[in-house]
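Listing of data-v5.tsv, TSV, C-alpha atoms
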chain	number	residue	atom	x	y	z
N	1	MET	CA	23.07	-9.71	8.05
N	2	GLY	CA	22.99	-9.11	4.29
N	3	HIS	CA	20.22	-9.88	1.86
N	4	ILE	CA	19.72	-10.91	-1.75
N	5	ILE	CA	16.97	-10.18	-4.26
N	6	ARG	CA	15.90	-13.20	-6.30
N	7	ILE	CA	13.01	-14.49	-8.39
N	8	TYR	CA	10.07	-15.99	-6.51
N	9	LYS	CA	9.71	-19.78	-6.30
N	10	ASP	CA	6.77	-21.90	-5.15
N	11	SER	CA	8.34	-22.75	-1.79
N	12	ASP	CA	8.22	-19.04	-0.89
N	13	TYR	CA	4.43	-18.86	-1.03
N	14	GLU	CA	3.59	-19.23	2.66
N	15	SER	CA	6.21	-16.72	3.79
N	16	VAL	CA	5.25	-14.28	1.05
N	17	MET	CA	1.58	-14.42	2.01
N	18	ASP	CA	2.32	-13.94	5.72
N	19	HIS	CA	4.36	-10.82	5.04
N	20	TYR	CA	1.96	-9.53	2.42
N	21	VAL	CA	-1.21	-9.82	4.51
N	22	SER	CA	0.37	-8.41	7.67
N	23	GLY	CA	2.01	-5.64	5.65
N	24	VAL	CA	-1.34	-4.47	4.28
N	25	ILE	CA	-3.41	-4.86	7.44
N	26	GLU	CA	-0.89	-2.92	9.55
N	27	ASN	CA	-1.96	0.20	7.65
N	28	ALA	CA	-5.42	0.21	9.26
N	29	PRO	CA	-4.24	1.67	12.61
N	30	VAL	CA	-2.18	4.27	10.73
N	31	ALA	CA	-5.21	5.32	8.69
N	32	PHE	CA	-7.30	5.52	11.87
N	33	LYS	CA	-4.76	7.81	13.57
N	34	GLN	CA	-4.68	9.99	10.46
N	35	VAL	CA	-8.45	10.42	10.30
N	36	LEU	CA	-8.49	11.38	13.99
N	37	ARG	CA	-6.10	14.25	13.20
N	38	PHE	CA	-8.40	15.70	10.55
N	39	PRO	CA	-9.89	19.02	11.76
N	40	SER	CA	-13.25	17.95	10.30
N	41	THR	CA	-13.24	14.79	12.43
N	42	GLN	CA	-12.35	16.67	15.60
N	43	ILE	CA	-15.02	19.31	14.95
N	44	LEU	CA	-17.72	16.71	14.25
N	45	MET	CA	-16.83	14.74	17.38
N	46	THR	CA	-16.86	17.87	19.53
N	47	VAL	CA	-20.13	19.19	18.08
N	48	GLY	CA	-21.73	15.76	18.35
N	49	PHE	CA	-20.70	15.45	21.99
N	50	LEU	CA	-22.06	18.91	22.84
N	51	LEU	CA	-25.35	18.39	20.99
N	52	ILE	CA	-26.05	15.08	22.72
N	53	LEU	CA	-25.07	16.61	26.05
N	54	ALA	CA	-27.37	19.60	25.50
N	55	ALA	CA	-30.26	17.39	24.39
N	56	THR	CA	-30.01	14.75	27.12
N	57	GLY	CA	-27.90	16.27	29.88
N	58	SER	CA	-26.07	12.95	30.11
N	59	ILE	CA	-22.28	12.99	29.92
N	60	LEU	CA	-22.23	9.19	29.82
N	61	LEU	CA	-24.55	9.04	26.81
N	62	SER	CA	-22.55	11.76	25.05
N	63	VAL	CA	-19.31	9.85	25.59
N	64	CYS	CA	-20.92	6.61	24.39
N	65	VAL	CA	-22.09	8.27	21.16
N	66	VAL	CA	-18.59	9.62	20.49
N	67	LEU	CA	-17.08	6.20	21.21
N	68	CYS	CA	-19.54	4.59	18.80
N	69	ALA	CA	-18.57	7.11	16.13
N	70	LEU	CA	-14.89	6.35	16.72
N	71	GLY	CA	-15.63	2.64	16.49
N	72	PHE	CA	-17.37	3.22	13.17
N	73	LEU	CA	-14.36	5.13	11.81
N	74	TRP	CA	-12.08	2.31	12.94
N	75	SER	CA	-14.27	-0.24	11.16
N	76	CYS	CA	-14.08	1.88	7.97
N	77	CYS	CA	-10.28	1.83	8.09
N	78	TRP	CA	-10.18	-1.89	8.83
N	79	ASN	CA	-12.74	-2.69	6.15
N	80	PHE	CA	-10.80	-0.85	3.43
N	81	PHE	CA	-7.57	-2.79	3.94
N	82	HIS	CA	-9.25	-6.09	4.78
N	83	SER	CA	-11.36	-5.90	1.60
N	84	TYR	CA	-8.27	-5.06	-0.42
N	85	VAL	CA	-6.45	-8.15	0.88
N	86	ASN	CA	-9.46	-10.40	0.29
N	87	ASN	CA	-9.72	-9.19	-3.30
N	88	THR	CA	-6.06	-9.86	-4.08
N	89	LEU	CA	-6.20	-13.30	-2.46
N	90	VAL	CA	-8.67	-14.44	-5.11
N	91	THR	CA	-6.88	-12.73	-8.01
N	92	ASP	CA	-3.13	-12.35	-8.58
N	93	MET	CA	-1.92	-13.46	-5.13
N	94	LYS	CA	-3.86	-16.71	-5.36
N	95	ASP	CA	-1.32	-18.12	-7.83
N	96	ILE	CA	1.82	-15.98	-7.94
N	97	LYS	CA	3.67	-18.31	-10.30
N	98	LYS	CA	0.86	-18.33	-12.85
N	99	HIS	CA	0.14	-14.61	-12.65
N	100	TYR	CA	3.67	-13.19	-12.47
N	101	ILE	CA	6.34	-15.77	-13.29
N	102	GLU	CA	4.77	-17.54	-16.26
N	103	ARG	CA	3.35	-14.43	-17.95
N	104	ASP	CA	5.41	-12.39	-20.38
N	105	GLY	CA	6.26	-8.91	-19.12
N	106	CYS	CA	5.65	-9.83	-15.48
N	107	CYS	CA	7.93	-10.80	-12.63
N	108	PHE	CA	7.91	-11.32	-8.86
N	109	TRP	CA	10.96	-10.99	-6.62
N	110	VAL	CA	11.59	-11.77	-2.98
N	111	ALA	CA	14.22	-10.43	-0.63
N	112	GLU	CA	15.98	-13.17	1.29
N	113	SER	CA	18.07	-12.73	4.43
N	114	GLY	CA	19.54	-15.70	6.26
N	115	GLU	CA	17.43	-18.11	4.15
N	116	GLU	CA	14.29	-16.25	5.27
N	117	VAL	CA	11.97	-14.33	2.97
N	118	VAL	CA	11.77	-10.78	4.32
N	119	GLY	CA	10.33	-8.79	1.44
N	120	MET	CA	8.71	-8.87	-1.99
N	121	VAL	CA	7.74	-6.83	-5.01
N	122	ALA	CA	6.01	-7.56	-8.32
N	123	ALA	CA	6.01	-6.03	-11.79
N	124	LEU	CA	3.53	-6.25	-14.64
N	125	PRO	CA	2.78	-4.32	-17.84
N	126	PHE	CA	0.84	-1.10	-17.37
N	127	PRO	CA	-1.53	0.25	-20.07
N	128	HIS	CA	-0.27	3.84	-19.94
N	129	PRO	CA	-2.34	6.47	-21.83
N	130	GLY	CA	-1.02	7.16	-25.31
N	131	GLY	CA	0.19	3.60	-25.78
N	132	ARG	CA	3.47	4.22	-23.98
N	133	ASN	CA	5.29	1.23	-22.53
N	134	TYR	CA	5.39	1.26	-18.72
N	135	VAL	CA	5.72	-1.30	-15.93
N	136	GLU	CA	3.61	-1.19	-12.77
N	137	LEU	CA	5.28	-1.86	-9.43
N	138	LYS	CA	2.95	-3.82	-7.13
N	139	ARG	CA	2.84	-5.86	-3.92
N	140	MET	CA	5.81	-4.11	-2.31
N	141	SER	CA	6.26	-5.27	1.28
N	142	VAL	CA	9.18	-5.59	3.69
N	143	ALA	CA	9.04	-7.38	7.04
N	144	LYS	CA	9.00	-4.99	10.02
N	145	SER	CA	12.07	-6.69	11.46
N	146	HIS	CA	14.09	-5.85	8.34
N	147	ARG	CA	13.04	-2.31	7.53
N	148	GLY	CA	15.64	0.43	7.34
N	149	MET	CA	18.22	-1.96	5.88
N	150	GLY	CA	17.93	-0.92	2.24
N	151	ILE	CA	15.75	-3.88	1.25
N	152	GLY	CA	12.92	-1.70	-0.02
N	153	LYS	CA	15.36	0.27	-2.19
N	154	ASP	CA	16.82	-2.90	-3.67
N	155	LEU	CA	13.36	-4.25	-4.44
N	156	CYS	CA	12.51	-0.96	-6.17
N	157	ARG	CA	15.74	-1.17	-8.17
N	158	ALA	CA	14.89	-4.72	-9.26
N	159	CYS	CA	11.61	-3.49	-10.71
N	160	ILE	CA	13.20	-0.42	-12.34
N	161	ASP	CA	16.01	-2.52	-13.85
N	162	PHE	CA	13.42	-4.99	-15.15
N	163	ALA	CA	11.55	-2.16	-16.87
N	164	ARG	CA	14.78	-0.68	-18.27
N	165	LYS	CA	15.90	-4.00	-19.76
N	166	ARG	CA	12.52	-4.37	-21.45
N	167	GLY	CA	12.90	-0.96	-23.03
N	168	CYS	CA	10.10	0.59	-21.01
N	169	GLU	CA	9.78	4.33	-20.55
N	170	GLY	CA	9.20	4.11	-16.83
N	171	VAL	CA	7.57	2.57	-13.78
N	172	VAL	CA	4.27	3.54	-12.18
N	173	LEU	CA	2.73	2.58	-8.85
N	174	ILE	CA	-0.21	3.35	-6.61
N	175	THR	CA	0.01	3.56	-2.83
N	176	SER	CA	-2.20	5.08	-0.13
N	177	THR	CA	-1.88	8.05	2.19
N	178	SER	CA	-1.58	5.70	5.17
N	179	GLN	CA	1.51	3.99	3.74
N	180	VAL	CA	3.82	6.82	4.78
N	181	GLY	CA	6.99	4.71	4.82
N	182	GLY	CA	6.20	3.46	1.34
N	183	TRP	CA	5.70	6.78	-0.39
N	184	ASN	CA	8.68	8.28	1.43
N	185	LEU	CA	10.79	5.46	-0.03
N	186	TYR	CA	9.42	5.94	-3.53
N	187	GLU	CA	10.13	9.67	-3.47
N	188	LYS	CA	13.70	9.04	-2.31
N	189	MET	CA	14.09	6.60	-5.21
N	190	GLY	CA	13.10	9.30	-7.69
N	191	PHE	CA	9.42	8.56	-8.17
N	192	ILE	CA	7.29	11.65	-8.80
N	193	ARG	CA	3.78	11.96	-7.43
N	194	THR	CA	1.55	12.69	-10.42
N	195	HIS	CA	-1.87	12.89	-8.80
N	196	SER	CA	-4.16	11.50	-6.11
N	197	SER	CA	-7.55	9.85	-6.33
N	198	SER	CA	-10.27	8.42	-4.10
N	199	PRO	CA	-10.91	4.67	-3.89
N	200	PRO	CA	-14.40	3.68	-5.05
N	201	ASN	CA	-15.57	2.06	-1.81
N	202	TRP	CA	-17.53	4.03	0.80
N	203	SER	CA	-15.34	2.97	3.73
N	204	SER	CA	-12.26	4.68	2.30
N	205	LYS	CA	-14.20	7.90	1.70
N	206	LEU	CA	-15.42	8.01	5.30
N	207	ALA	CA	-11.90	7.23	6.55
N	208	GLY	CA	-10.38	9.93	4.35
N	209	ILE	CA	-8.03	7.49	2.59
N	210	LYS	CA	-6.57	8.69	-0.70
N	211	LEU	CA	-4.64	6.82	-3.39
N	212	LEU	CA	-1.32	8.37	-4.42
N	213	HIS	CA	-0.11	7.80	-7.99
N	214	TYR	CA	3.63	7.83	-8.69
N	215	GLN	CA	5.76	7.62	-11.82
N	216	TYR	CA	9.47	7.01	-12.44
N	217	ASN	CA	10.70	8.09	-15.88
N	218	ILE	CA	13.58	5.90	-17.04
N	219	GLN	CA	14.42	7.67	-20.29
N	220	ARG	CA	14.58	11.10	-18.68
N	221	ARG	CA	16.93	9.81	-15.99
N	222	CYS	CA	19.22	8.13	-18.51
N	223	GLN	CA	19.85	11.32	-20.47

Now that the file is in, can you turn its structure into structure tokens?
Amino acid sequence: MGHIIRIYKDSDYESVMDHYVSGVIENAPVAFKQVLRFPSTQILMTVGFLLILAATGSILLSVCVVLCALGFLWSCCWNFFHSYVNNTLVTDMKDIKKHYIERDGCCFWVAESGEEVVGMVAALPFPHPGGRNYVELKRMSVAKSHRGMGIGKDLCRACIDFARKRGCEGVVLITSTSQVGGWNLYEKMGFIRTHSSSPPNWSSKLAGIKLLHYQYNIQRRCQ
């Protein structure tokens, strides 16, 4: 079944929020699996297990301590994404029409397939250093049932075309290391990773989550 990309309307709100929230929260298990693969995590868990075992002689207690540590890491991953969602629900995603549709230089699109909203993306002005004119791509999400169908690419193109028509020099975005499908898509679309940074909250630092910054240069690609 095909799909179309169109401007958001108020009747889309419930579907948009369902996809948005689930799309963000689904990254918590991914982040947890990633932190478990870190050599530092594996070493700490092993050393912790052996130290408790040597001190108490209890395998059960040693296992319980490791399980508690794993539970703490899981809560860090969950807290990072849950806090992120809660913050956006009281800011821009609280009133999409007011924040994106009615403001100059902003827009919000949805992907529709069979009269069902299956994806979304937003754009807003970005204060790029040096006063250059850029657009920021935000709130990208595609329903699990409709991934791999080119919807994400079309949503990206909508944002890039929006920036091009406004005479912008490019598009920037920020994603996280746990959103593997997302940054793979952006790189295929021509976005270049410029740098990475650490989120300010403690939970992300303990979970090893990094923010990845990307940029798409429109003028360079039009030459």

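You can rank N:Phe108, N:Phe162, N:Tyr186, N:Phe38 by their closest distance to Leu206 (chain N) using all atoms listed in the file, and at the top of that list sits N:Phe38.
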
Near region 134-138 of chain N, 12 Å: region 13-116 of chain N residue rows, closest pairs, all atoms listed in the file, as a tab-separated table:
residue	atom	partner	partner_atom	distance
N:Tyr20	CA	N:Lys138	CA	11.2
N:Thr88	CA	N:Lys138	CA	11.3
N:Asp92	CA	N:Lys138	CA	10.6
N:Met93	CA	N:Lys138	CA	11.0
N:Tyr100	CA	N:Lys138	CA	10.8
N:Asp104	CA	N:Val135	CA	12.0
N:Gly105	CA	N:Val135	CA	8.3
N:Cys106	CA	N:Val135	CA	8.5
N:Cys107	CA	N:Leu137	CA	9.9
N:Phe108	CA	N:Lys138	CA	9.2
N:Trp109	CA	N:Lys138	CA	10.8

Neighbours of Cys156 (chain N) within 9 Å (all atoms listed in the file; same-chain residues fewer than 5 positions away dropped), as an mmCIF file with C-alpha atoms, keeping the file's coordinate frame?
data_model
loop_
_atom_site.group_PDB
_atom_site.id
_atom_site.type_symbol
_atom_site.label_atom_id
_atom_site.label_comp_id
_atom_site.auth_asym_id
_atom_site.auth_seq_id
_atom_site.Cartn_x
_atom_site.Cartn_y
_atom_site.Cartn_z
ATOM 1 C CA VAL N 121 7.740 -6.830 -5.010
ATOM 2 C CA LEU N 137 5.280 -1.860 -9.430
ATOM 3 C CA MET N 140 5.810 -4.110 -2.310
ATOM 4 C CA ILE N 151 15.750 -3.880 1.250
ATOM 5 C CA ASP N 161 16.010 -2.520 -13.850
ATOM 6 C CA TYR N 186 9.420 5.940 -3.530
ATOM 7 C CA MET N 189 14.090 6.600 -5.210
#

Please measure the separation of CA of Asn184 (chain N) and CA of His99 (chain N), giving the value in Å to one decimal.
28.2 Å

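The space between CA of Gly170 (chain N) and CA of Arg193 (chain N) spans 13.4 Å.
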
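For the atom pair formed by CA of Ser197 (chain N) and CA of Val24 (chain N), the distance is 18.9 Å, given to one decimal.
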
Distance query Thr175 (chain N) at most 8 Å, all atoms listed in the file, self and fewer than 4 positions along chain excluded, as JSON, numbers by chain:
{"N": [179, 182, 183, 211, 212, 213]}

List the spatial neighbours of Ala28 (chain N) as an MDAnalysis selection string - criterion: any atom at most 7 Å away, all atoms listed in the file, same-chain residues fewer than 6 positions off excluded.
chainID N and resid 77:78 81

Please dump the current selection as a short mmCIF file (atom, residue, chain, number, x, y, z; two decimals), in the coordinates of the input; keep C-alpha atoms.
data_model
loop_
_atom_site.label_atom_id
_atom_site.label_comp_id
_atom_site.auth_asym_id
_atom_site.auth_seq_id
_atom_site.Cartn_x
_atom_site.Cartn_y
_atom_site.Cartn_z
CA CYS N 77 -10.28 1.83 8.09
CA TRP N 78 -10.18 -1.89 8.83
CA PHE N 81 -7.57 -2.79 3.94
#

Please define a box with edges along x, y and z of the file around all atoms of region 66-84 of chain N given in the file, extend it by 4 Å on each side, and return its centre and edge lengths in Å to one decimal, as AutoDock Vina command-line options.
--center_x -13.6 --center_y 1.8 --center_z 10.4 --size_x 20.0 --size_y 23.7 --size_z 29.6

Quick one: of N:Asn79, N:Gly23, N:Glu102, N:Val65, who's nearest to Trp202 (chain N), counting all atoms listed in the file?
N:Asn79
